[in-house]
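This is coords.cif. It holds mmCIF, C-alpha atoms.
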```
data_structure
loop_
_atom_site.group_PDB
_atom_site.id
_atom_site.type_symbol
_atom_site.label_atom_id
_atom_site.label_comp_id
_atom_site.auth_asym_id
_atom_site.auth_seq_id
_atom_site.Cartn_x
_atom_site.Cartn_y
_atom_site.Cartn_z
ATOM 1 C CA MET A 110 -17.876 10.132 -1.763
ATOM 2 C CA LYS A 111 -16.017 6.847 -2.145
ATOM 3 C CA ILE A 112 -13.436 5.818 -4.716
ATOM 4 C CA ASN A 113 -12.056 2.437 -5.646
ATOM 5 C CA PRO A 114 -8.528 3.263 -6.875
ATOM 6 C CA SER A 115 -8.152 -0.012 -8.733
ATOM 7 C CA THR A 116 -11.242 0.506 -10.887
ATOM 8 C CA LYS A 117 -11.315 4.323 -10.628
ATOM 9 C CA GLU A 118 -15.051 4.090 -9.941
ATOM 10 C CA ILE A 119 -16.632 6.648 -7.677
ATOM 11 C CA PHE A 120 -19.679 6.094 -5.509
ATOM 12 C CA THR A 121 -21.776 8.090 -3.098
ATOM 13 C CA ASP A 122 -21.302 7.462 0.634
ATOM 14 C CA THR A 123 -24.284 5.122 0.486
ATOM 15 C CA GLY A 124 -22.665 3.076 -2.280
ATOM 16 C CA THR A 125 -24.528 4.333 -5.361
ATOM 17 C CA PHE A 126 -22.311 4.192 -8.451
ATOM 18 C CA VAL A 127 -21.663 7.651 -9.914
ATOM 19 C CA LYS A 128 -19.111 7.234 -12.685
ATOM 20 C CA ARG A 129 -15.835 5.669 -13.681
ATOM 21 C CA LEU A 130 -13.022 8.185 -14.068
ATOM 22 C CA TYR A 131 -11.147 7.743 -17.300
ATOM 23 C CA CYS A 132 -9.254 10.081 -19.561
ATOM 24 C CA HIS A 133 -7.016 8.923 -22.387
ATOM 25 C CA ILE A 134 -5.295 12.320 -22.644
ATOM 26 C CA HIS A 135 -3.442 12.068 -19.296
ATOM 27 C CA VAL A 136 -3.097 15.808 -18.761
ATOM 28 C CA LYS A 137 -1.950 16.639 -15.236
ATOM 29 C CA TRP A 138 -4.133 18.825 -12.996
ATOM 30 C CA LYS A 139 -1.205 21.204 -12.460
ATOM 31 C CA ALA A 140 -0.871 21.659 -16.210
ATOM 32 C CA MET A 141 -4.494 22.745 -16.626
ATOM 33 C CA LYS A 142 -5.643 26.333 -16.808
ATOM 34 C CA LYS A 143 -7.126 27.638 -13.553
ATOM 35 C CA ILE A 144 -10.513 29.337 -13.611
ATOM 36 C CA GLU A 145 -12.233 31.310 -10.898
ATOM 37 C CA ASP A 146 -14.521 28.705 -9.333
ATOM 38 C CA GLY A 147 -11.666 26.304 -8.526
ATOM 39 C CA SER A 148 -12.209 24.128 -11.553
ATOM 40 C CA ARG A 149 -9.721 23.985 -14.417
ATOM 41 C CA ILE A 150 -9.727 23.805 -18.199
ATOM 42 C CA CYS A 151 -7.938 20.983 -19.968
ATOM 43 C CA ILE A 152 -5.336 22.422 -22.304
ATOM 44 C CA GLU A 153 -5.867 19.541 -24.750
ATOM 45 C CA CYS A 154 -9.657 19.228 -25.033
ATOM 46 C CA ASN A 155 -10.892 22.526 -23.539
ATOM 47 C CA LYS A 156 -13.324 20.738 -21.257
ATOM 48 C CA THR A 157 -13.851 22.031 -17.733
ATOM 49 C CA ILE A 158 -12.661 19.690 -15.010
ATOM 50 C CA GLN A 159 -14.532 20.012 -11.714
ATOM 51 C CA ASP A 160 -12.532 19.734 -8.510
ATOM 52 C CA THR A 161 -14.602 17.519 -6.208
ATOM 53 C CA ALA A 162 -12.751 18.536 -3.011
ATOM 54 C CA SER A 163 -15.709 20.519 -1.712
ATOM 55 C CA PHE A 164 -18.478 18.359 -3.187
ATOM 56 C CA ASN A 165 -21.019 16.462 -1.172
ATOM 57 C CA ASP A 166 -23.001 13.543 -2.610
ATOM 58 C CA THR A 167 -25.874 15.799 -3.651
ATOM 59 C CA ASP A 168 -23.552 18.091 -5.634
ATOM 60 C CA LEU A 169 -21.966 15.083 -7.288
ATOM 61 C CA ILE A 170 -25.219 13.418 -8.332
ATOM 62 C CA LYS A 171 -26.672 16.709 -9.547
ATOM 63 C CA LEU A 172 -23.620 17.394 -11.702
ATOM 64 C CA ILE A 173 -23.543 13.944 -13.298
ATOM 65 C CA LYS A 174 -27.311 13.964 -13.818
ATOM 66 C CA ASN A 175 -27.065 17.243 -15.743
ATOM 67 C CA ASP A 176 -23.977 16.156 -17.679
ATOM 68 C CA PRO A 177 -23.070 12.451 -17.559
ATOM 69 C CA GLN A 178 -19.841 13.256 -19.458
ATOM 70 C CA ALA A 179 -18.710 15.842 -16.896
ATOM 71 C CA CYS A 180 -15.026 15.556 -16.041
ATOM 72 C CA LEU A 181 -14.027 15.314 -12.403
ATOM 73 C CA LYS A 182 -10.809 15.483 -10.407
ATOM 74 C CA VAL A 183 -10.553 13.389 -7.274
ATOM 75 C CA ASN A 184 -7.507 13.401 -5.011
ATOM 76 C CA LEU A 185 -6.934 10.489 -2.628
ATOM 77 C CA ASN A 186 -6.228 12.903 0.206
ATOM 78 C CA GLN A 187 -9.451 14.859 -0.034
ATOM 79 C CA ASP A 188 -11.304 15.001 3.298
ATOM 80 C CA ASN A 189 -14.560 14.048 1.614
ATOM 81 C CA VAL A 190 -13.201 10.882 -0.023
ATOM 82 C CA LYS A 191 -13.024 7.390 1.413
ATOM 83 C CA ILE A 192 -11.024 4.690 -0.282
ATOM 84 C CA ILE A 193 -12.693 1.347 -0.858
ATOM 85 C CA HIS A 194 -11.309 -1.846 -2.316
ATOM 86 C CA MET B 102 -0.380 -4.035 -11.512
ATOM 87 C CA PHE B 103 0.181 -2.311 -8.204
ATOM 88 C CA PHE B 104 -3.513 -1.950 -7.639
ATOM 89 C CA LYS B 105 -4.012 -5.538 -8.664
ATOM 90 C CA ARG B 106 -1.703 -6.392 -5.776
ATOM 91 C CA LEU B 107 -3.666 -4.048 -3.513
ATOM 92 C CA LEU B 108 -6.861 -5.715 -4.591
ATOM 93 C CA GLU B 109 -5.362 -9.096 -3.810
ATOM 94 C CA ILE B 110 -4.680 -7.925 -0.268
ATOM 95 C CA PHE B 111 -8.150 -6.617 0.357
ATOM 96 C CA VAL B 112 -10.282 -9.003 -1.636
ATOM 97 C CA GLY B 113 -8.207 -12.028 -0.976
ATOM 98 C CA ASN B 114 -9.973 -13.147 2.198
ATOM 99 C CA ALA B 115 -10.780 -16.540 0.814
ATOM 100 C CA GLN B 116 -7.347 -16.848 -0.718
ATOM 101 C CA SER B 117 -5.613 -15.991 2.538
ATOM 102 C CA LYS B 118 -7.300 -18.964 4.170
ATOM 103 C CA ILE B 119 -5.799 -21.334 1.606
ATOM 104 C CA LYS B 120 -2.797 -23.192 2.958
ATOM 105 C CA LYS B 121 0.468 -22.445 1.162
ATOM 106 C CA VAL B 122 1.339 -25.444 -0.988
ATOM 107 C CA ASP B 123 4.250 -25.927 -3.369
ATOM 108 C CA ILE B 124 3.389 -26.507 -7.031
ATOM 109 C CA ASN B 125 5.666 -28.120 -9.605
ATOM 110 C CA CYS B 126 5.368 -26.384 -12.980
ATOM 111 C CA THR B 127 4.505 -29.038 -15.568
ATOM 112 C CA GLU B 128 6.323 -27.083 -18.304
ATOM 113 C CA CYS B 129 9.638 -26.061 -16.722
ATOM 114 C CA GLY B 130 9.709 -27.914 -13.407
ATOM 115 C CA LEU B 131 10.046 -24.772 -11.263
ATOM 116 C CA VAL B 132 8.600 -25.141 -7.776
ATOM 117 C CA PHE B 133 6.444 -22.189 -6.744
ATOM 118 C CA ASP B 134 3.750 -21.759 -4.126
ATOM 119 C CA ASN B 135 0.012 -21.597 -4.805
ATOM 120 C CA THR B 136 -0.239 -17.906 -3.835
ATOM 121 C CA ILE B 137 1.105 -17.162 -7.337
ATOM 122 C CA ASN B 138 -1.320 -17.637 -10.211
ATOM 123 C CA GLU B 139 1.167 -18.924 -12.759
ATOM 124 C CA CYS B 140 4.724 -20.164 -12.949
ATOM 125 C CA PRO B 141 6.862 -16.982 -12.872
ATOM 126 C CA ASP B 142 9.649 -18.485 -14.995
ATOM 127 C CA CYS B 143 7.168 -19.437 -17.735
ATOM 128 C CA LYS B 144 5.465 -16.042 -17.491
ATOM 129 C CA TYR B 145 8.683 -14.157 -18.255
ATOM 130 C CA MET B 146 9.843 -16.693 -20.834
ATOM 131 C CA LYS B 147 6.545 -16.068 -22.659
ATOM 132 C CA ILE B 148 7.406 -12.341 -22.819
ATOM 133 C CA LEU B 149 10.610 -13.309 -24.625
ATOM 134 C CA THR B 150 9.014 -15.752 -27.015
ATOM 135 C CA ASP B 151 5.718 -14.081 -27.935
ATOM 136 C CA GLY B 152 7.517 -11.352 -29.894
ATOM 137 C CA SER B 153 5.727 -8.468 -28.192
ATOM 138 C CA PHE B 154 8.711 -6.114 -28.277
ATOM 139 C CA ASP B 155 7.097 -3.829 -30.828
ATOM 140 C CA GLU B 156 4.005 -3.228 -28.725
ATOM 141 C CA MET B 157 2.820 0.379 -28.548
ATOM 142 C CA SER B 158 0.544 2.055 -26.016
ATOM 143 C CA ASP B 159 -0.646 5.666 -26.162
ATOM 144 C CA ASP B 160 1.859 6.182 -29.015
ATOM 145 C CA LEU B 161 4.720 5.116 -26.764
ATOM 146 C CA ARG B 162 6.902 2.079 -27.222
ATOM 147 C CA VAL B 163 6.329 -0.427 -24.422
ATOM 148 C CA ILE B 164 9.476 -1.676 -22.696
ATOM 149 C CA SER B 165 9.323 -5.301 -21.590
ATOM 150 C CA THR B 166 10.468 -6.259 -18.112
ATOM 151 C CA ILE B 167 11.707 -9.755 -17.398
ATOM 152 C CA ARG B 168 12.372 -11.227 -13.989
ATOM 153 C CA GLY B 169 14.323 -14.256 -12.822
ATOM 154 C CA GLU B 170 17.612 -15.843 -13.878
ATOM 155 C CA THR B 171 15.982 -18.229 -16.366
ATOM 156 C CA ALA B 172 14.426 -15.475 -18.480
ATOM 157 C CA ILE B 173 17.480 -13.215 -18.214
ATOM 158 C CA ASN B 174 19.844 -15.980 -19.323
ATOM 159 C CA ALA B 175 17.495 -16.903 -22.178
ATOM 160 C CA ALA B 176 17.332 -13.252 -23.279
ATOM 161 C CA LYS B 177 21.128 -13.077 -23.339
ATOM 162 C CA GLU B 178 21.286 -16.238 -25.432
ATOM 163 C CA MET B 179 18.791 -14.653 -27.827
ATOM 164 C CA GLY B 180 21.164 -11.709 -28.205
ATOM 165 C CA LEU B 181 18.780 -9.194 -26.684
ATOM 166 C CA LYS B 182 20.134 -6.003 -25.175
ATOM 167 C CA LEU B 183 19.291 -5.862 -21.479
ATOM 168 C CA LEU B 184 19.489 -3.309 -18.707
ATOM 169 C CA GLU B 185 19.875 -5.475 -15.624
ATOM 170 C CA LEU B 186 18.772 -4.099 -12.268
ATOM 171 C CA ARG B 187 18.352 -5.585 -8.836
ATOM 172 C CA ALA B 188 14.747 -5.954 -7.679
ATOM 173 C CA GLU B 189 14.678 -5.098 -4.011
ATOM 174 C CA VAL B 190 11.725 -4.863 -1.674
ATOM 175 C CA SER B 191 11.697 -1.453 -0.015
ATOM 176 C CA ASP B 192 10.339 -1.105 3.525
ATOM 177 C CA GLN B 193 8.844 2.289 2.746
ATOM 178 C CA PHE B 194 5.747 0.853 1.036
ATOM 179 C CA LYS B 195 2.832 -0.067 3.245
ATOM 180 C CA VAL B 196 -0.885 -0.571 2.923
ATOM 181 C CA LYS B 197 -2.984 -0.892 6.043
ATOM 182 C CA TYR B 198 -6.079 -2.993 6.608
ATOM 183 C CA LYS B 199 -8.363 -4.232 9.331
ATOM 184 C CA LYS B 200 -10.534 -7.339 9.249
ATOM 185 C CA LEU B 201 -14.011 -7.209 10.757
ATOM 186 C CA GLN B 202 -16.665 -9.837 11.334
ATOM 187 C CA HIS B 203 -20.393 -9.303 11.644
ATOM 188 C CA ARG B 204 -21.555 -10.439 15.075
ATOM 189 C CA LYS B 205 -24.713 -12.116 13.748
ATOM 190 C CA THR B 206 -24.093 -13.198 10.154
ATOM 191 C CA GLY B 207 -20.396 -14.008 10.548
ATOM 192 C CA GLU B 208 -19.611 -12.079 7.348
ATOM 193 C CA ILE B 209 -15.935 -11.089 7.192
ATOM 194 C CA ILE B 210 -14.945 -7.825 5.530
ATOM 195 C CA THR B 211 -11.687 -5.908 5.141
ATOM 196 C CA ILE B 212 -11.508 -2.140 5.457
ATOM 197 C CA GLY B 213 -8.636 0.188 4.594
ATOM 198 C CA ASP B 214 -9.854 3.592 5.783
ATOM 199 C CA PHE B 215 -9.733 4.639 9.465
ATOM 200 C CA ARG B 216 -12.971 6.558 8.975
ATOM 201 C CA ASP B 217 -14.870 3.337 8.280
ATOM 202 C CA ASP B 218 -14.131 2.012 11.768
ATOM 203 C CA ASN B 219 -17.055 3.656 13.567
ATOM 204 C CA LEU B 220 -19.437 3.088 10.691
ATOM 205 C CA TYR B 221 -18.961 -0.680 10.714
ATOM 206 C CA ARG B 222 -18.876 -0.897 14.519
ATOM 207 C CA ASN B 223 -22.335 0.683 14.525
ATOM 208 C CA LEU B 224 -23.443 -1.809 11.878
ATOM 209 C CA GLY B 225 -22.638 -4.707 14.207
ATOM 210 C CA TYR B 226 -19.120 -5.699 13.181
ATOM 211 C CA LYS B 227 -16.403 -6.712 15.634
ATOM 212 C CA THR B 228 -12.634 -6.640 15.130
ATOM 213 C CA LEU B 229 -11.093 -9.849 13.845
ATOM 214 C CA VAL B 230 -7.659 -8.481 12.952
ATOM 215 C CA ASP B 231 -6.818 -4.991 14.210
ATOM 216 C CA TRP B 232 -5.123 -2.366 12.000
ATOM 217 C CA THR B 233 -2.100 -3.954 10.389
ATOM 218 C CA SER B 234 0.204 -2.785 7.622
ATOM 219 C CA LYS B 235 1.417 -4.957 4.785
ATOM 220 C CA ASN B 236 4.075 -4.302 2.204
ATOM 221 C CA PRO B 237 2.484 -5.340 -1.090
ATOM 222 C CA SER B 238 5.851 -5.473 -2.892
ATOM 223 C CA LYS B 239 6.733 -9.041 -3.705
ATOM 224 C CA PHE B 240 9.313 -10.024 -6.304
ATOM 225 C CA PHE B 241 9.893 -13.686 -6.954
ATOM 226 C CA SER B 242 13.533 -13.035 -7.852
ATOM 227 C CA PRO B 243 16.066 -10.279 -7.126
ATOM 228 C CA TYR B 244 17.171 -10.475 -10.764
ATOM 229 C CA ALA B 245 15.299 -8.285 -13.213
ATOM 230 C CA ALA B 246 15.990 -6.531 -16.498
ATOM 231 C CA TYR B 247 14.456 -4.250 -19.072
ATOM 232 C CA VAL B 248 14.705 -5.445 -22.672
ATOM 233 C CA ILE B 249 16.194 -2.495 -24.543
ATOM 234 C CA PRO B 250 15.099 -2.100 -28.171
ATOM 235 C CA LYS B 251 18.169 -1.974 -30.411
ATOM 236 C CA ASP B 252 16.917 1.094 -32.256
ATOM 237 C CA ILE B 253 15.968 3.130 -29.164
ATOM 238 C CA LYS B 254 17.229 6.693 -29.344
ATOM 239 C CA LYS B 255 18.523 8.845 -26.511
ATOM 240 C CA GLY B 256 15.631 10.992 -25.277
ATOM 241 C CA GLU B 257 12.895 8.609 -26.462
ATOM 242 C CA CYS B 258 9.874 8.484 -24.166
ATOM 243 C CA VAL B 259 8.651 4.943 -23.487
ATOM 244 C CA LEU B 260 6.103 3.157 -21.324
ATOM 245 C CA ILE B 261 7.246 0.676 -18.679
ATOM 246 C CA ASN B 262 4.430 -1.546 -17.409
ATOM 247 C CA ASP B 263 6.511 -3.235 -14.714
ATOM 248 C CA VAL B 264 8.955 -0.777 -13.133
ATOM 249 C CA ILE B 265 11.907 -2.499 -11.433
ATOM 250 C CA THR B 266 13.252 0.323 -9.259
ATOM 251 C CA ASN B 267 11.337 1.637 -6.260
ATOM 252 C CA HIS B 268 9.482 4.947 -6.514
ATOM 253 C CA VAL B 269 6.661 6.329 -4.401
ATOM 254 C CA SER B 270 3.468 6.688 -6.369
ATOM 255 C CA GLU B 271 1.496 8.329 -3.572
ATOM 256 C CA ARG B 272 1.440 8.838 0.183
ATOM 257 C CA TRP B 273 -2.081 8.751 1.552
ATOM 258 C CA ASN B 274 -2.542 11.000 4.573
ATOM 259 C CA GLN B 275 -3.545 7.957 6.649
ATOM 260 C CA GLY B 276 -0.028 6.582 6.352
ATOM 261 C CA ASP B 277 -0.306 4.252 3.364
ATOM 262 C CA VAL B 278 2.541 4.536 0.861
ATOM 263 C CA TYR B 279 1.962 3.148 -2.616
ATOM 264 C CA ARG B 280 4.673 1.905 -4.968
ATOM 265 C CA LEU B 281 4.785 3.047 -8.589
ATOM 266 C CA SER B 282 4.492 -0.022 -10.794
ATOM 267 C CA LYS B 283 3.822 1.574 -14.208
ATOM 268 C CA SER B 284 5.411 4.700 -15.603
ATOM 269 C CA GLU B 285 6.500 6.645 -18.594
ATOM 270 C CA ALA B 286 10.279 6.939 -18.799
ATOM 271 C CA ILE B 287 12.958 8.625 -20.880
ATOM 272 C CA TRP B 288 15.896 6.645 -22.254
ATOM 273 C CA THR B 289 19.062 8.553 -21.350
ATOM 274 C CA GLY B 290 21.346 6.294 -23.331
ATOM 275 C CA LYS B 291 22.408 4.435 -20.184
ATOM 276 C CA TYR B 292 19.267 4.039 -18.084
ATOM 277 C CA PHE B 293 15.597 4.969 -17.968
ATOM 278 C CA TYR B 294 14.692 8.191 -16.197
ATOM 279 C CA ILE B 295 11.385 7.287 -14.544
ATOM 280 C CA ASP B 296 8.805 10.061 -14.920
ATOM 281 C CA VAL B 297 7.029 9.364 -11.633
ATOM 282 C CA SER B 298 4.340 11.976 -12.184
ATOM 283 C CA SER B 299 3.156 10.278 -15.381
ATOM 284 C CA TYR B 300 1.359 7.461 -13.596
ATOM 285 C CA ALA B 301 1.365 8.516 -9.930
ATOM 286 C CA ILE B 302 -2.004 7.666 -8.439
ATOM 287 C CA GLY B 303 -2.595 10.743 -6.279
ATOM 288 C CA GLU B 304 -5.094 12.346 -8.590
ATOM 289 C CA PHE B 305 -7.751 10.801 -10.743
ATOM 290 C CA ILE B 306 -9.184 12.779 -13.621
ATOM 291 C CA GLY B 307 -11.915 11.737 -15.989
#
```
Mind converting the file's structure to structure tokens?
Amino acid sequence: MKINPSTKEIFTDTGTFVKRLYCHIHVKWKAMKKIEDGSRICIECNKTIQDTASFNDTDLIKLIKNDPQACLKVNLNQDNVKIIH
Amino acid sequence: MFFKRLLEIFVGNAQSKIKKVDINCTECGLVFDNTINECPDCKYMKILTDGSFDEMSDDLRVISTIRGETAINAAKEMGLKLLELRAEVSDQFKVKYKKLQHRKTGEIITIGDFRDDNLYRNLGYKTLVDWTSKNPSKFFSPYAAYVIPKDIKKGECVLINDVITNHVSERWNQGDVYRLSKSEAIWTGKYFYIDVSSYAIGEFIG
């Protein structure tokens, strides 16, 4: 997975655009409610936010294909993330 | 704004080849170099004259930042309340990069992630400039100030789009340290308490 921090766009390792991360609510990950599978629930909108730390490109594409509005959390220091500019 | 600066570092290949030339501003006469897009004095004077002090963003009042003696003196003459702070470049901020060139096509690219090194070597790129760190902080003047709304109340949460003081937004585990340029803040009555976590870039959600 690749992320461009200036545009907040994420791509697969081969450069295919996946989605642009945007949330107007600005709830912090730490403030969200933990659930068993490692994802969290936003306390403001009740949506489930998927932690992408263990995702590979296939997982990512599958998730967005099933639900293009799926919410994701990406941390710059994840081992599976490369930063592009 | 911080990422705009980052982008300038990494995308600015063509720009970096341009020779530094002094430009005389046709409006105020300030001499500035061509690495800056617009005259900084005019930019901050515009903030004072366009009447944008009542701007809101995400239900928060936006605090204007002005930089340079010209704008600060003008603001004082206008009777505006200012919180003056010194804008200092801190050595702790650094962003690394490496420039590569394709052996056959001559294409020049810039990478910022150590893990891309092998990938591009295998794709036929050679090193043009080896790993180097740059401090993206650049303030045209050490004089800066926040314009304080006269009706601001102690404890009010505001949005500052151009933070003057130095705060770490994120430390990437490859050594890069990013400066916080935008933040929510609380007015204490004397200064703004910068809520670093409000706009720190470590995590992206959406």
Spatial sel., origin (-11.1, 20.9, -25.1), limit 12 Å, only C-alpha atoms, listed as a ChimeraX atom specification: /A:134,136,141-142,149-158,180
When the cut-off is 6 Å and we count only C-alpha atoms, which residues of chain A are near chain B, given as an mmCIF file with C-alpha atoms, keeping the file's coordinate frame?
```cif
data_model
loop_
_atom_site.group_PDB
_atom_site.id
_atom_site.type_symbol
_atom_site.label_atom_id
_atom_site.label_comp_id
_atom_site.auth_asym_id
_atom_site.auth_seq_id
_atom_site.Cartn_x
_atom_site.Cartn_y
_atom_site.Cartn_z
ATOM 1 C CA SER A 115 -8.152 -0.012 -8.733
ATOM 2 C CA LEU A 130 -13.022 8.185 -14.068
ATOM 3 C CA TYR A 131 -11.147 7.743 -17.300
ATOM 4 C CA CYS A 132 -9.254 10.081 -19.561
ATOM 5 C CA CYS A 180 -15.026 15.556 -16.041
ATOM 6 C CA LEU A 181 -14.027 15.314 -12.403
ATOM 7 C CA LYS A 182 -10.809 15.483 -10.407
ATOM 8 C CA VAL A 183 -10.553 13.389 -7.274
ATOM 9 C CA ASN A 184 -7.507 13.401 -5.011
ATOM 10 C CA LEU A 185 -6.934 10.489 -2.628
#
```
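The space between atom CA of Met146 of chain B and atom CA of Cys129 of chain B spans 10.2 Å.
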Selection dump of the PyMOL selection byres ((chain B and resi 266) around 8), as a list in words: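 Taken over the shown coordinates, the PyMOL selection byres ((chain B and resi 266) around 8) returns Leu186, Arg187, Ala188, Glu189, Val264, Ile265, Asn267 and His268 of chain B.
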Pull C-alpha atoms from the residues just selected and write them as an mmCIF file, keeping the file's coordinate frame.
```
data_model
loop_
_atom_site.group_PDB
_atom_site.id
_atom_site.type_symbol
_atom_site.label_atom_id
_atom_site.label_comp_id
_atom_site.auth_asym_id
_atom_site.auth_seq_id
_atom_site.Cartn_x
_atom_site.Cartn_y
_atom_site.Cartn_z
ATOM 1 C CA LEU B 186 18.772 -4.099 -12.268
ATOM 2 C CA ARG B 187 18.352 -5.585 -8.836
ATOM 3 C CA ALA B 188 14.747 -5.954 -7.679
ATOM 4 C CA GLU B 189 14.678 -5.098 -4.011
ATOM 5 C CA VAL B 264 8.955 -0.777 -13.133
ATOM 6 C CA ILE B 265 11.907 -2.499 -11.433
ATOM 7 C CA ASN B 267 11.337 1.637 -6.260
ATOM 8 C CA HIS B 268 9.482 4.947 -6.514
#
```
For Val163 of chain B: contacts at 7 Å, all atoms listed in the file, fewer than 4 positions along chain excluded, given as number ranges by chain: B: 156-158, 259-261
For Pro250 of chain B, the nearest of the candidates B:Gly207, B:Pro237, B:Gly276, B:Gly180, counting only C-alpha atoms: B:Gly180
Counting only C-alpha atoms, the residue of B:Tyr226, B:Lys121, B:Ile210, B:Asn219 that sits nearest Phe133 of chain B: B:Lys121
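Atom CA of Asn236 of chain B is positioned 25.2 Å from atom CA of Leu131 of chain B.
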Test item: residues at most 10 Å from segment 164-168 of chain A, all atoms listed in the file, excluding those fewer than 3 positions along its chain, as a VMD selection string: chain A and resid 110 to 111 120 to 123 125 127 159 to 161 171 to 174 189 to 190
Nearest to Lys255 of chain B by atom-to-atom distance, counting only C-alpha atoms, from B:Lys235, B:Lys291, B:Lys200, B:Arg168: B:Lys291
Nearest to Ile192 of chain A, chosen from B:Asp277, B:Asp252, B:Glu178, B:Glu185, with all atoms listed in the file counted in the distances: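 Among the listed residues, B:Asp277 lies closest to Ile192 of chain A.
The space separating atom CA of Leu229 of chain B from atom CA of Gln202 of chain B comes to 6.1 Å.
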How would segment 152-167 of chain A read, as a PDB file, in the coordinates of the input, once N, CA and C atoms are built in?
```pdb
ATOM      1  N   ILE A 152      -6.011  21.725 -21.215  1.00  0.00           N
ATOM      2  CA  ILE A 152      -5.336  22.422 -22.304  1.00  0.00           C
ATOM      3  C   ILE A 152      -5.420  21.642 -23.621  1.00  0.00           C
ATOM      4  N   GLU A 153      -5.796  20.365 -23.534  1.00  0.00           N
ATOM      5  CA  GLU A 153      -5.867  19.541 -24.750  1.00  0.00           C
ATOM      6  C   GLU A 153      -7.279  19.511 -25.348  1.00  0.00           C
ATOM      7  N   CYS A 154      -8.296  19.406 -24.483  1.00  0.00           N
ATOM      8  CA  CYS A 154      -9.657  19.228 -25.033  1.00  0.00           C
ATOM      9  C   CYS A 154     -10.582  20.390 -24.711  1.00  0.00           C
ATOM     10  N   ASN A 155     -10.109  21.346 -23.907  1.00  0.00           N
ATOM     11  CA  ASN A 155     -10.892  22.526 -23.539  1.00  0.00           C
ATOM     12  C   ASN A 155     -12.098  22.252 -22.653  1.00  0.00           C
ATOM     13  N   LYS A 156     -12.210  21.030 -22.155  1.00  0.00           N
ATOM     14  CA  LYS A 156     -13.324  20.738 -21.257  1.00  0.00           C
ATOM     15  C   LYS A 156     -13.005  21.261 -19.864  1.00  0.00           C
ATOM     16  N   THR A 157     -14.046  21.587 -19.115  1.00  0.00           N
ATOM     17  CA  THR A 157     -13.851  22.031 -17.733  1.00  0.00           C
ATOM     18  C   THR A 157     -13.807  20.812 -16.818  1.00  0.00           C
ATOM     19  N   ILE A 158     -12.796  20.795 -15.960  1.00  0.00           N
ATOM     20  CA  ILE A 158     -12.661  19.690 -15.010  1.00  0.00           C
ATOM     21  C   ILE A 158     -13.062  20.215 -13.634  1.00  0.00           C
ATOM     22  N   GLN A 159     -14.033  19.564 -13.014  1.00  0.00           N
ATOM     23  CA  GLN A 159     -14.532  20.012 -11.714  1.00  0.00           C
ATOM     24  C   GLN A 159     -13.710  19.392 -10.591  1.00  0.00           C
ATOM     25  N   ASP A 160     -13.238  20.240  -9.687  1.00  0.00           N
ATOM     26  CA  ASP A 160     -12.532  19.734  -8.510  1.00  0.00           C
ATOM     27  C   ASP A 160     -13.586  19.303  -7.487  1.00  0.00           C
ATOM     28  N   THR A 161     -13.546  18.041  -7.080  1.00  0.00           N
ATOM     29  CA  THR A 161     -14.602  17.519  -6.208  1.00  0.00           C
ATOM     30  C   THR A 161     -14.286  17.698  -4.714  1.00  0.00           C
ATOM     31  N   ALA A 162     -13.196  18.421  -4.410  1.00  0.00           N
ATOM     32  CA  ALA A 162     -12.751  18.536  -3.011  1.00  0.00           C
ATOM     33  C   ALA A 162     -13.829  19.074  -2.069  1.00  0.00           C
ATOM     34  N   SER A 163     -14.693  19.942  -2.604  1.00  0.00           N
ATOM     35  CA  SER A 163     -15.709  20.519  -1.712  1.00  0.00           C
ATOM     36  C   SER A 163     -17.105  19.968  -2.021  1.00  0.00           C
ATOM     37  N   PHE A 164     -17.177  18.912  -2.809  1.00  0.00           N
ATOM     38  CA  PHE A 164     -18.478  18.359  -3.187  1.00  0.00           C
ATOM     39  C   PHE A 164     -19.043  17.474  -2.079  1.00  0.00           C
ATOM     40  N   ASN A 165     -20.364  17.514  -1.938  1.00  0.00           N
ATOM     41  CA  ASN A 165     -21.019  16.462  -1.172  1.00  0.00           C
ATOM     42  C   ASN A 165     -21.744  15.557  -2.182  1.00  0.00           C
ATOM     43  N   ASP A 166     -22.370  14.506  -1.697  1.00  0.00           N
ATOM     44  CA  ASP A 166     -23.001  13.543  -2.610  1.00  0.00           C
ATOM     45  C   ASP A 166     -24.082  14.185  -3.482  1.00  0.00           C
ATOM     46  N   THR A 167     -24.807  15.135  -2.903  1.00  0.00           N
ATOM     47  CA  THR A 167     -25.874  15.799  -3.651  1.00  0.00           C
ATOM     48  C   THR A 167     -25.289  16.581  -4.827  1.00  0.00           C
TER      49      THR A 167
END
```
